[in-house]
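A.B. asks: Please find start-v4.tsv (TSV, C-alpha atoms) on the next line:
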chain	number	residue	atom	x	y	z
A	1	MET	CA	22.84	-39.16	31.12
A	2	HIS	CA	21.98	-38.27	34.71
A	3	LYS	CA	23.49	-34.76	34.32
A	4	ARG	CA	21.77	-34.27	30.97
A	5	GLN	CA	18.43	-35.24	32.50
A	6	LEU	CA	18.94	-32.76	35.33
A	7	VAL	CA	19.66	-29.96	32.83
A	8	LEU	CA	16.58	-30.80	30.76
A	9	THR	CA	14.45	-30.92	33.88
A	10	ALA	CA	15.77	-27.53	35.00
A	11	ILE	CA	15.02	-26.01	31.60
A	12	ALA	CA	11.50	-27.43	31.67
A	13	LEU	CA	10.90	-26.00	35.14
A	14	VAL	CA	12.13	-22.55	34.15
A	15	THR	CA	10.01	-22.61	30.99
A	16	ALA	CA	6.97	-23.64	32.96
A	17	ALA	CA	7.59	-20.87	35.47
A	18	PHE	CA	7.77	-18.17	32.80
A	19	ALA	CA	4.91	-19.47	30.64
A	20	PRO	CA	2.16	-17.91	32.77
A	21	LEU	CA	4.02	-14.60	32.68
A	22	ALA	CA	4.16	-14.69	28.88
A	23	VAL	CA	0.46	-15.54	28.64
A	24	HIS	CA	-0.38	-12.71	31.06
A	25	ALA	CA	1.73	-10.25	29.05
A	26	GLN	CA	-0.17	-11.16	25.91
A	27	ALA	CA	-3.55	-10.90	27.64
A	28	ASP	CA	-2.53	-7.53	29.09
A	29	TYR	CA	-1.39	-6.24	25.67
A	30	PRO	CA	-0.81	-3.39	25.13
A	31	ASN	CA	0.39	-2.06	28.47
A	32	LYS	CA	2.68	0.63	27.02
A	33	PRO	CA	2.86	2.77	23.85
A	34	VAL	CA	3.03	0.96	20.49
A	35	LYS	CA	5.13	2.20	17.58
A	36	ILE	CA	3.85	2.04	13.99
A	37	ILE	CA	6.67	2.45	11.48
A	38	VAL	CA	5.48	4.29	8.38
A	39	PRO	CA	8.15	3.58	5.75
A	40	PHE	CA	7.63	6.90	3.96
A	41	PRO	CA	8.20	10.56	4.88
A	42	ALA	CA	5.66	12.65	6.76
A	43	GLY	CA	3.01	14.50	4.79
A	44	GLY	CA	2.07	11.92	2.14
A	45	THR	CA	-0.80	9.47	1.76
A	46	SER	CA	1.02	6.70	3.67
A	47	ASP	CA	1.69	9.05	6.57
A	48	LEU	CA	-1.99	9.99	6.67
A	49	MET	CA	-3.00	6.31	6.70
A	50	GLY	CA	-0.57	5.53	9.51
A	51	ARG	CA	-1.88	8.36	11.65
A	52	ILE	CA	-5.49	7.35	11.12
A	53	ILE	CA	-4.66	3.78	12.17
A	54	ALA	CA	-2.71	5.04	15.20
A	55	GLU	CA	-5.59	7.26	16.32
A	56	GLU	CA	-8.24	4.56	15.97
A	57	LEU	CA	-6.21	1.77	17.58
A	58	GLY	CA	-5.38	4.09	20.44
A	59	LYS	CA	-9.10	4.54	21.07
A	60	GLN	CA	-9.77	0.81	20.87
A	61	LEU	CA	-6.85	-0.47	22.94
A	62	LYS	CA	-6.42	2.42	25.41
A	63	GLN	CA	-2.72	2.99	24.79
A	64	PRO	CA	-0.91	5.52	22.57
A	65	PHE	CA	-0.03	4.28	19.08
A	66	ILE	CA	2.81	6.46	17.78
A	67	VAL	CA	3.79	6.96	14.13
A	68	ASP	CA	7.52	6.73	13.38
A	69	ASN	CA	8.34	7.87	9.84
A	70	LYS	CA	11.29	5.94	8.37
A	71	GLY	CA	11.34	6.90	4.69
A	72	GLY	CA	13.76	5.90	1.97
A	73	ALA	CA	14.41	3.30	-0.75
A	74	GLY	CA	10.77	3.01	-1.77
A	75	GLY	CA	9.73	1.98	1.72
A	76	ALA	CA	12.45	-0.65	2.10
A	77	ILE	CA	14.35	1.07	4.91
A	78	GLY	CA	11.38	1.34	7.26
A	79	ALA	CA	10.00	-2.09	6.34
A	80	ASP	CA	13.40	-3.67	6.99
A	81	GLN	CA	13.57	-2.08	10.44
A	82	ALA	CA	10.11	-3.43	11.21
A	83	ALA	CA	11.00	-6.92	9.98
A	84	LYS	CA	13.98	-7.01	12.34
A	85	ALA	CA	12.16	-5.57	15.37
A	86	ALA	CA	11.30	-7.63	18.44
A	87	PRO	CA	8.13	-9.64	17.68
A	88	ASP	CA	6.35	-8.50	20.83
A	89	GLY	CA	3.56	-6.39	19.33
A	90	TYR	CA	5.15	-3.07	20.27
A	91	THR	CA	6.62	-2.40	16.81
A	92	LEU	CA	4.22	-2.61	13.89
A	93	VAL	CA	4.48	-1.38	10.31
A	94	LEU	CA	2.21	0.27	7.77
A	95	SER	CA	2.43	-2.24	4.94
A	96	GLY	CA	1.51	-1.37	1.37
A	97	ILE	CA	1.80	-2.06	-2.33
A	98	GLY	CA	5.24	-0.50	-2.73
A	99	SER	CA	7.15	-1.94	0.21
A	100	ASN	CA	5.31	-5.27	0.41
A	101	ALA	CA	4.63	-6.21	-3.20
A	102	VAL	CA	6.19	-4.16	-6.00
A	103	ILE	CA	9.66	-4.06	-4.43
A	104	HIS	CA	9.92	-7.86	-4.42
A	105	GLY	CA	9.32	-8.11	-8.17
A	106	PHE	CA	12.60	-6.49	-9.17
A	107	GLN	CA	15.63	-8.68	-9.70
A	108	ALA	CA	18.03	-6.21	-8.11
A	109	PRO	CA	18.60	-4.68	-5.73
A	110	LYS	CA	16.58	-6.97	-3.49
A	111	PRO	CA	15.40	-5.57	-0.13
A	112	ASN	CA	17.01	-6.94	3.03
A	113	TYR	CA	13.75	-8.58	4.06
A	114	LYS	CA	11.36	-11.17	2.65
A	115	GLU	CA	7.60	-10.97	2.67
A	116	SER	CA	7.62	-14.04	4.93
A	117	ASP	CA	9.30	-11.85	7.58
A	118	PHE	CA	5.87	-10.31	8.31
A	119	ILE	CA	2.53	-11.33	9.73
A	120	HIS	CA	-0.15	-9.35	7.93
A	121	ILE	CA	-2.80	-8.27	10.42
A	122	SER	CA	-5.46	-6.36	8.48
A	123	GLN	CA	-5.79	-4.47	5.22
A	124	LEU	CA	-7.03	-0.98	5.97
A	125	ALA	CA	-8.09	0.38	2.60
A	126	ALA	CA	-7.54	0.46	-1.13
A	127	GLY	CA	-7.82	3.25	-3.64
A	128	PRO	CA	-7.60	3.28	-7.42
A	129	ASN	CA	-5.06	5.04	-9.49
A	130	VAL	CA	-6.60	7.64	-11.78
A	131	LEU	CA	-5.44	8.51	-15.29
A	132	VAL	CA	-5.45	12.30	-15.41
A	133	VAL	CA	-4.49	14.61	-18.26
A	134	ASN	CA	-4.15	18.33	-18.71
A	135	PRO	CA	-7.41	19.80	-20.04
A	136	ASP	CA	-5.57	20.90	-23.21
A	137	PHE	CA	-4.70	17.30	-24.13
A	138	PRO	CA	-6.57	16.32	-27.34
A	139	ALA	CA	-8.17	13.17	-25.88
A	140	LYS	CA	-11.32	13.90	-23.89
A	141	THR	CA	-12.14	10.30	-22.93
A	142	PHE	CA	-10.20	7.16	-22.08
A	143	LYS	CA	-11.06	5.53	-25.39
A	144	GLU	CA	-9.87	8.65	-27.21
A	145	PHE	CA	-6.65	8.51	-25.19
A	146	ILE	CA	-6.00	4.92	-26.28
A	147	ALA	CA	-6.76	5.80	-29.92
A	148	TYR	CA	-4.53	8.90	-29.80
A	149	ALA	CA	-1.63	7.01	-28.21
A	150	LYS	CA	-1.88	4.24	-30.82
A	151	ALA	CA	-1.97	6.80	-33.63
A	152	ASN	CA	1.12	8.53	-32.22
A	153	PRO	CA	3.50	5.79	-31.04
A	154	GLY	CA	6.45	7.05	-28.99
A	155	LYS	CA	5.10	10.62	-28.97
A	156	VAL	CA	2.92	10.68	-25.85
A	157	ASN	CA	4.79	11.29	-22.59
A	158	TYR	CA	3.63	10.59	-19.05
A	159	GLY	CA	4.91	11.33	-15.56
A	160	GLN	CA	6.64	8.34	-14.03
A	161	VAL	CA	7.87	7.85	-10.48
A	162	PRO	CA	10.02	4.72	-10.86
A	163	ALA	CA	8.71	1.62	-9.06
A	164	SER	CA	5.62	3.45	-7.85
A	165	SER	CA	2.06	2.20	-8.11
A	166	GLY	CA	1.41	4.71	-10.88
A	167	HIS	CA	4.46	3.51	-12.82
A	168	LEU	CA	3.42	-0.14	-12.55
A	169	THR	CA	-0.17	0.71	-13.48
A	170	THR	CA	0.98	2.50	-16.62
A	171	GLU	CA	3.21	-0.40	-17.56
A	172	TYR	CA	0.32	-2.81	-17.02
A	173	LEU	CA	-1.89	-0.72	-19.35
A	174	LYS	CA	0.89	-0.54	-21.94
A	175	GLN	CA	1.11	-4.32	-21.93
A	176	VAL	CA	-2.60	-5.09	-22.18
A	177	ALA	CA	-3.42	-2.29	-24.65
A	178	GLY	CA	-0.24	-2.49	-26.74
A	179	LEU	CA	0.73	1.14	-26.20
A	180	ASP	CA	4.03	2.85	-26.94
A	181	ILE	CA	4.08	5.82	-24.56
A	182	VAL	CA	7.17	7.30	-22.93
A	183	GLY	CA	7.75	7.75	-19.20
A	184	ILE	CA	9.43	10.92	-17.96
A	185	PRO	CA	11.09	10.08	-14.60
A	186	TYR	CA	10.31	12.13	-11.49
A	187	LYS	CA	11.49	11.72	-7.91
A	188	GLY	CA	7.96	12.05	-6.55
A	189	GLY	CA	4.34	12.17	-7.53
A	190	GLY	CA	3.96	15.80	-6.43
A	191	PRO	CA	6.46	17.26	-8.92
A	192	ALA	CA	5.07	15.07	-11.70
A	193	LEU	CA	1.52	16.21	-11.02
A	194	THR	CA	2.69	19.83	-10.94
A	195	ASP	CA	4.06	19.42	-14.47
A	196	VAL	CA	0.79	17.88	-15.67
A	197	LEU	CA	-1.05	20.88	-14.24
A	198	ALA	CA	1.40	23.21	-16.03
A	199	ASN	CA	0.99	21.19	-19.28
A	200	GLN	CA	4.70	20.32	-19.32
A	201	ILE	CA	3.68	16.67	-19.73
A	202	PRO	CA	0.26	15.44	-20.92
A	203	GLY	CA	-0.74	13.20	-18.04
A	204	MET	CA	-0.06	10.35	-15.61
A	205	PHE	CA	-1.59	7.73	-13.36
A	206	THR	CA	-1.70	8.97	-9.77
A	207	ASN	CA	-3.49	8.18	-6.49
A	208	GLN	CA	-7.14	9.18	-6.46
A	209	ASP	CA	-6.75	11.37	-3.36
A	210	ALA	CA	-3.92	13.38	-4.92
A	211	ALA	CA	-5.88	14.07	-8.11
A	212	LEU	CA	-9.31	14.72	-6.61
A	213	PRO	CA	-9.06	18.45	-5.70
A	214	HIS	CA	-7.56	19.29	-9.11
A	215	VAL	CA	-10.23	17.30	-10.95
A	216	LYS	CA	-12.97	19.04	-8.96
A	217	ALA	CA	-11.43	22.42	-9.78
A	218	GLY	CA	-11.33	21.61	-13.50
A	219	LYS	CA	-7.52	21.81	-13.61
A	220	LEU	CA	-7.19	18.14	-14.56
A	221	ARG	CA	-9.40	15.79	-16.54
A	222	ALA	CA	-9.89	12.29	-15.15
A	223	LEU	CA	-10.12	9.74	-17.97
A	224	ALA	CA	-10.29	6.42	-16.09
A	225	VAL	CA	-9.96	4.79	-12.69
A	226	THR	CA	-8.24	1.46	-12.19
A	227	SER	CA	-10.53	-0.24	-9.66
A	228	LEU	CA	-12.88	-2.93	-10.94
A	229	THR	CA	-15.89	-0.77	-10.09
A	230	ARG	CA	-16.33	2.98	-10.31
A	231	ASN	CA	-15.13	5.04	-7.37
A	232	PRO	CA	-17.85	6.93	-5.45
A	233	LEU	CA	-15.93	10.22	-5.66
A	234	TYR	CA	-15.37	9.77	-9.41
A	235	PRO	CA	-18.87	8.63	-10.38
A	236	ASP	CA	-18.65	9.88	-13.97
A	237	THR	CA	-15.19	8.46	-14.62
A	238	PRO	CA	-15.24	4.99	-16.21
A	239	THR	CA	-13.04	2.13	-15.12
A	240	VAL	CA	-10.35	0.74	-17.40
A	241	ALA	CA	-12.08	-2.62	-16.99
A	242	GLU	CA	-15.37	-1.37	-18.42
A	243	SER	CA	-13.59	0.45	-21.22
A	244	GLY	CA	-12.42	-2.56	-23.18
A	245	TYR	CA	-9.99	-4.27	-20.78
A	246	PRO	CA	-12.05	-6.63	-18.59
A	247	GLY	CA	-10.47	-7.58	-15.29
A	248	PHE	CA	-8.00	-4.67	-15.29
A	249	SER	CA	-7.38	-3.74	-11.67
A	250	ALA	CA	-4.53	-1.76	-10.14
A	251	VAL	CA	-5.14	-0.27	-6.72
A	252	SER	CA	-2.92	1.27	-4.09
A	253	TRP	CA	-3.44	-0.38	-0.71
A	254	THR	CA	-2.24	-0.16	2.86
A	255	GLY	CA	-2.64	-2.20	6.00
A	256	LEU	CA	-1.10	-3.12	9.30
A	257	SER	CA	1.56	-5.81	9.72
A	258	ALA	CA	3.89	-7.11	12.42
A	259	PRO	CA	7.26	-8.89	12.55
A	260	LYS	CA	7.17	-12.65	12.07
A	261	GLY	CA	6.92	-14.41	15.41
A	262	THR	CA	4.50	-11.94	16.99
A	263	PRO	CA	2.27	-14.02	19.31
A	264	LYS	CA	-1.03	-15.15	17.82
A	265	ALA	CA	-3.00	-13.67	20.73
A	266	ILE	CA	-1.56	-10.22	20.03
A	267	VAL	CA	-2.18	-10.51	16.29
A	268	GLU	CA	-5.79	-11.51	16.95
A	269	LYS	CA	-6.30	-8.60	19.36
A	270	LEU	CA	-4.95	-6.11	16.79
A	271	GLU	CA	-6.99	-7.70	14.01
A	272	ALA	CA	-10.19	-7.41	16.06
A	273	ALA	CA	-9.41	-3.79	16.94
A	274	MET	CA	-8.81	-2.88	13.27
A	275	VAL	CA	-12.03	-4.55	12.12
A	276	LYS	CA	-14.06	-2.90	14.87
A	277	ALA	CA	-12.48	0.53	14.44
A	278	PHE	CA	-12.94	0.77	10.69
A	279	ASN	CA	-16.47	-0.55	10.67
A	280	ASP	CA	-17.37	2.56	12.62
A	281	PRO	CA	-18.99	5.12	10.27
A	282	ALA	CA	-16.96	8.06	11.59
A	283	ALA	CA	-13.63	6.28	11.09
A	284	ARG	CA	-14.65	5.05	7.62
A	285	ALA	CA	-15.66	8.56	6.61
A	286	LYS	CA	-12.12	9.86	7.16
A	287	LEU	CA	-10.91	7.57	4.37
A	288	GLU	CA	-13.95	7.55	2.13
A	289	SER	CA	-13.90	11.35	1.91
A	290	THR	CA	-10.75	11.11	-0.22
A	291	GLY	CA	-11.90	8.22	-2.38
A	292	PHE	CA	-10.48	5.26	-0.50
A	293	VAL	CA	-12.52	2.09	-0.13
A	294	VAL	CA	-12.31	0.76	3.44
A	295	VAL	CA	-11.52	-2.96	3.67
A	296	ALA	CA	-10.78	-3.71	7.36
A	297	SER	CA	-10.05	-7.34	6.54
A	298	LYS	CA	-9.06	-10.26	8.71
A	299	SER	CA	-5.46	-11.46	8.83
A	300	VAL	CA	-6.01	-14.55	6.68
A	301	ASP	CA	-7.64	-12.47	3.92
A	302	TYR	CA	-4.99	-9.77	3.99
A	303	THR	CA	-2.25	-12.41	3.76
A	304	LYS	CA	-3.84	-13.99	0.68
A	305	PHE	CA	-4.29	-10.56	-0.90
A	306	VAL	CA	-0.62	-9.63	-0.38
A	307	GLU	CA	0.43	-12.94	-1.95
A	308	SER	CA	-1.73	-12.29	-5.01
A	309	GLU	CA	-0.37	-8.75	-5.39
A	310	ASN	CA	3.21	-10.03	-5.25
A	311	ALA	CA	2.48	-12.48	-8.07
A	312	ARG	CA	0.64	-9.88	-10.19
A	313	TRP	CA	3.29	-7.17	-10.09
A	314	ALA	CA	6.23	-9.56	-10.42
A	315	GLU	CA	4.76	-10.66	-13.74
A	316	VAL	CA	4.21	-7.07	-14.93
A	317	ILE	CA	7.80	-6.19	-13.98
A	318	ARG	CA	9.16	-9.30	-15.72
A	319	LYS	CA	7.24	-8.67	-18.96
A	320	GLY	CA	8.25	-5.02	-19.05
A	321	GLY	CA	11.88	-5.63	-18.09
A	322	LEU	CA	11.48	-2.87	-15.53
A	323	LYS	CA	14.18	-1.51	-13.27
A	324	PRO	CA	13.55	0.05	-9.83
A	325	GLU	CA	15.13	3.36	-10.85
Would you mind writing the file out in structure tokens?

C.D. replies:
Amino acid sequence: MHKRQLVLTAIALVTAAFAPLAVHAQADYPNKPVKIIVPFPAGGTSDLMGRIIAEELGKQLKQPFIVDNKGGAGGAIGADQAAKAAPDGYTLVLSGIGSNAVIHGFQAPKPNYKESDFIHISQLAAGPNVLVVNPDFPAKTFKEFIAYAKANPGKVNYGQVPASSGHLTTEYLKQVAGLDIVGIPYKGGGPALTDVLANQIPGMFTNQDAALPHVKAGKLRALAVTSLTRNPLYPDTPTVAESGYPGFSAVSWTGLSAPKGTPKAIVEKLEAAMVKAFNDPAARAKLESTGFVVVASKSVDYTKFVESENARWAEVIRKGGLKPE
């Protein structure tokens, strides 16, 4: 017992000696560059979001925030790397609907991480999906689209990127409206949108920022947006919710998260920096100019939101018997 007591005392002394150092390190955070893993390739919407966050946090916290693109497996590869990183605040991840909600709804294959492996710091923004069709498509409004699809079951095709937000949104609409429309698989939203523009397929749900320039140019017709309220950059486009399906909401979202175990003081410092940065009009304008709605939420609110999104999309996937590919 005497030896055991000596060991315990030694451990306690060492712990006490290092405790002030740990507290100082957290108070001094960040004192070197911080990496933000973006779990998608460079050039897309997620990459843009990650770089905006990196730029604004760099201004707030006076250290470089560096984007590290780790694409693949619908965001699972990069998210898994982030989940397994040291929880010291120097590896963060751009979290989002695909890698932090939709992916968990599929029965197989399951990602190598759980949502509980993350601390969600702040939701950056959300943007609706937009139902766009080629101008030659017979339906000129959303209600006409629903009527046409019901009158022609199994004959209306749409572009589908498996397990994407657009795919899940379409499946959600099929379930609530009782539609029989057929998905044509694509490896990415860009090629699918190209075929809608070329009238190879009638239409698709896609992110509002991807569709906006084509809608403005008259090359696509926007029939509906999937946010609960109309989007400022699509003021004349009705919501699905106001068009006969109350409560219908399907938005793409992104935010900032950290590995589980990241010290509370660091999480709170990052949360405060996100809220301050994206309540600045200039920073908000970068996102609002492409139709995103800035959220800049607190950690507790973002965590609850992610939990609700996991439940929502798991149910849509279950009802539709969907597969990730």

A.B. asks: Can you work out which one of A:Asn100, A:Asn134, A:Ser122, A:Gln81 has the shortest atom-to-atom distance to Ile53 (chain A), counting all atoms listed in the file?

C.D. replies: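 Answer, going by the shortest atom-to-atom distance: A:Ser122.
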
A.B. asks: Can you pull out every residue within 8 Å of Leu228 (chain A), counting all atoms listed in the file, but drop anything in the same chain fewer than 5 positions away, and send it as a list in words?

C.D. replies: Thr239, Val240, Ala241, Gly247, Phe248 and Ser249 of chain A

A.B. asks: Just want the 9 Å neighbourhood of region 174-180 of chain A, counted on all atoms listed in the file, with same-chain residues fewer than 4 positions away dropped. Output as a list of chain:residue names.

C.D. replies: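 Contacts, in chain order: A:Ile146, A:Ala149, A:Lys150, A:Asn152, A:Pro153, A:Gly154, A:Lys155, A:Val156, A:Thr169, A:Thr170, A:Tyr245, A:Phe248, A:Val316, A:Lys319, A:Gly320.
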
A.B. asks: Restricted to C-alpha atoms, what would the selected residues look like written as a PDB file, keeping the file's coordinate frame?

C.D. replies:
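What ended up in out38.pdb:
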ATOM      1  CA  ILE A 146      -6.000   4.920 -26.280  1.00  0.00           C
ATOM      2  CA  ALA A 149      -1.630   7.010 -28.210  1.00  0.00           C
ATOM      3  CA  LYS A 150      -1.880   4.240 -30.820  1.00  0.00           C
ATOM      4  CA  ASN A 152       1.120   8.530 -32.220  1.00  0.00           C
ATOM      5  CA  PRO A 153       3.500   5.790 -31.040  1.00  0.00           C
ATOM      6  CA  GLY A 154       6.450   7.050 -28.990  1.00  0.00           C
ATOM      7  CA  LYS A 155       5.100  10.620 -28.970  1.00  0.00           C
ATOM      8  CA  VAL A 156       2.920  10.680 -25.850  1.00  0.00           C
ATOM      9  CA  THR A 169      -0.170   0.710 -13.480  1.00  0.00           C
ATOM     10  CA  THR A 170       0.980   2.500 -16.620  1.00  0.00           C
ATOM     11  CA  TYR A 245      -9.990  -4.270 -20.780  1.00  0.00           C
ATOM     12  CA  PHE A 248      -8.000  -4.670 -15.290  1.00  0.00           C
ATOM     13  CA  VAL A 316       4.210  -7.070 -14.930  1.00  0.00           C
ATOM     14  CA  LYS A 319       7.240  -8.670 -18.960  1.00  0.00           C
ATOM     15  CA  GLY A 320       8.250  -5.020 -19.050  1.00  0.00           C
TER      16      GLY A 320
END

A.B. asks: In Å, rounded to a single decimal, give me how far CA of Pro162 (chain A) is from CA of Lys140 (chain A).

C.D. replies: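 CA of Pro162 (chain A) lies 26.6 Å from CA of Lys140 (chain A).
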
A.B. asks: Counting all atoms listed in the file, figure out which residue out of A:Phe205, A:Tyr302, A:Phe278, A:Tyr29 gets nearest to Ile52 (chain A).

C.D. replies: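 Closest candidate: A:Phe278.
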
A.B. asks: Kindly extract all protein, DNA and RNA residues lying within 12 Å of the coordinates (-11.2, 10.5, 2.0) given in the file, considering all atoms listed in the file, and supply them as a count of residues only.

C.D. replies: 30

A.B. asks: For a test of reading the model, state the distance in Å between CA of Pro281 (chain A) and CA of Gln123 (chain A), rounded to one decimal.

C.D. replies: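 Here the two named atoms are 17.1 Å from each other.
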
A.B. asks: Using 9 Å as the limit and counting only C-alpha atoms, can you tabulate each residue of region 15-101 of chain A that touches region 257-264 of chain A, with its shortest atom-to-atom distance in Å and the two atoms involved, as a tab-separated table?

C.D. replies:
residue	atom	partner	partner_atom	distance
A:Gln26	CA	A:Pro263	CA	7.6
A:Ala82	CA	A:Pro259	CA	6.3
A:Ala83	CA	A:Pro259	CA	4.9
A:Lys84	CA	A:Pro259	CA	7.0
A:Ala85	CA	A:Pro259	CA	6.6
A:Ala86	CA	A:Pro259	CA	7.3
A:Pro87	CA	A:Thr262	CA	4.4
A:Asp88	CA	A:Thr262	CA	5.5
A:Gly89	CA	A:Thr262	CA	6.1
A:Tyr90	CA	A:Ala258	CA	8.9
A:Thr91	CA	A:Ala258	CA	7.0
A:Leu92	CA	A:Ala258	CA	4.7
A:Val93	CA	A:Ser257	CA	5.3
A:Leu94	CA	A:Ser257	CA	6.4
A:Ser95	CA	A:Ser257	CA	6.0

A.B. asks: Return the single residue from A:Pro39, A:Ala163, A:Lys276, A:Lys219 that is closest to Phe106 (chain A), with distances computed using only C-alpha atoms.

C.D. replies: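 Smallest separation from Phe106 (chain A) among the options: A:Ala163.
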
A.B. asks: Taking only C-alpha atoms into account, which of A:Gly58, A:Glu144, A:Asp80, A:Ser252 comes nearest Tyr113 (chain A)?

C.D. replies: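 Selected residue with least distance to Tyr113 (chain A): A:Asp80.
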
A.B. asks: Compile the contact shell of Leu193 (chain A) as a PDB file with C-alpha atoms, in the coordinates of the input: residues with an atom at most 12 Å away, counting only C-alpha atoms, same-chain residues fewer than 6 positions apart removed.

C.D. replies:
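So around22.pdb came out as:
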ATOM      1  CA  VAL A 130      -6.600   7.640 -11.780  1.00  0.00           C
ATOM      2  CA  LEU A 131      -5.440   8.510 -15.290  1.00  0.00           C
ATOM      3  CA  VAL A 132      -5.450  12.300 -15.410  1.00  0.00           C
ATOM      4  CA  VAL A 133      -4.490  14.610 -18.260  1.00  0.00           C
ATOM      5  CA  ASN A 134      -4.150  18.330 -18.710  1.00  0.00           C
ATOM      6  CA  TYR A 158       3.630  10.590 -19.050  1.00  0.00           C
ATOM      7  CA  GLY A 159       4.910  11.330 -15.560  1.00  0.00           C
ATOM      8  CA  GLN A 160       6.640   8.340 -14.030  1.00  0.00           C
ATOM      9  CA  VAL A 161       7.870   7.850 -10.480  1.00  0.00           C
ATOM     10  CA  GLY A 166       1.410   4.710 -10.880  1.00  0.00           C
ATOM     11  CA  ILE A 184       9.430  10.920 -17.960  1.00  0.00           C
ATOM     12  CA  PRO A 185      11.090  10.080 -14.600  1.00  0.00           C
ATOM     13  CA  TYR A 186      10.310  12.130 -11.490  1.00  0.00           C
ATOM     14  CA  LYS A 187      11.490  11.720  -7.910  1.00  0.00           C
ATOM     15  CA  ASN A 199       0.990  21.190 -19.280  1.00  0.00           C
ATOM     16  CA  GLN A 200       4.700  20.320 -19.320  1.00  0.00           C
ATOM     17  CA  ILE A 201       3.680  16.670 -19.730  1.00  0.00           C
ATOM     18  CA  PRO A 202       0.260  15.440 -20.920  1.00  0.00           C
ATOM     19  CA  GLY A 203      -0.740  13.200 -18.040  1.00  0.00           C
ATOM     20  CA  MET A 204      -0.060  10.350 -15.610  1.00  0.00           C
ATOM     21  CA  PHE A 205      -1.590   7.730 -13.360  1.00  0.00           C
ATOM     22  CA  THR A 206      -1.700   8.970  -9.770  1.00  0.00           C
ATOM     23  CA  ASN A 207      -3.490   8.180  -6.490  1.00  0.00           C
ATOM     24  CA  ALA A 210      -3.920  13.380  -4.920  1.00  0.00           C
ATOM     25  CA  ALA A 211      -5.880  14.070  -8.110  1.00  0.00           C
ATOM     26  CA  LEU A 212      -9.310  14.720  -6.610  1.00  0.00           C
ATOM     27  CA  HIS A 214      -7.560  19.290  -9.110  1.00  0.00           C
ATOM     28  CA  VAL A 215     -10.230  17.300 -10.950  1.00  0.00           C
ATOM     29  CA  LYS A 219      -7.520  21.810 -13.610  1.00  0.00           C
ATOM     30  CA  LEU A 220      -7.190  18.140 -14.560  1.00  0.00           C
TER      31      LEU A 220
END

A.B. asks: Report, in Å with one decimal, the straight-line distance from CA of Gly183 (chain A) to CA of Gly98 (chain A).

C.D. replies: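 These atoms are spaced 18.6 Å apart.
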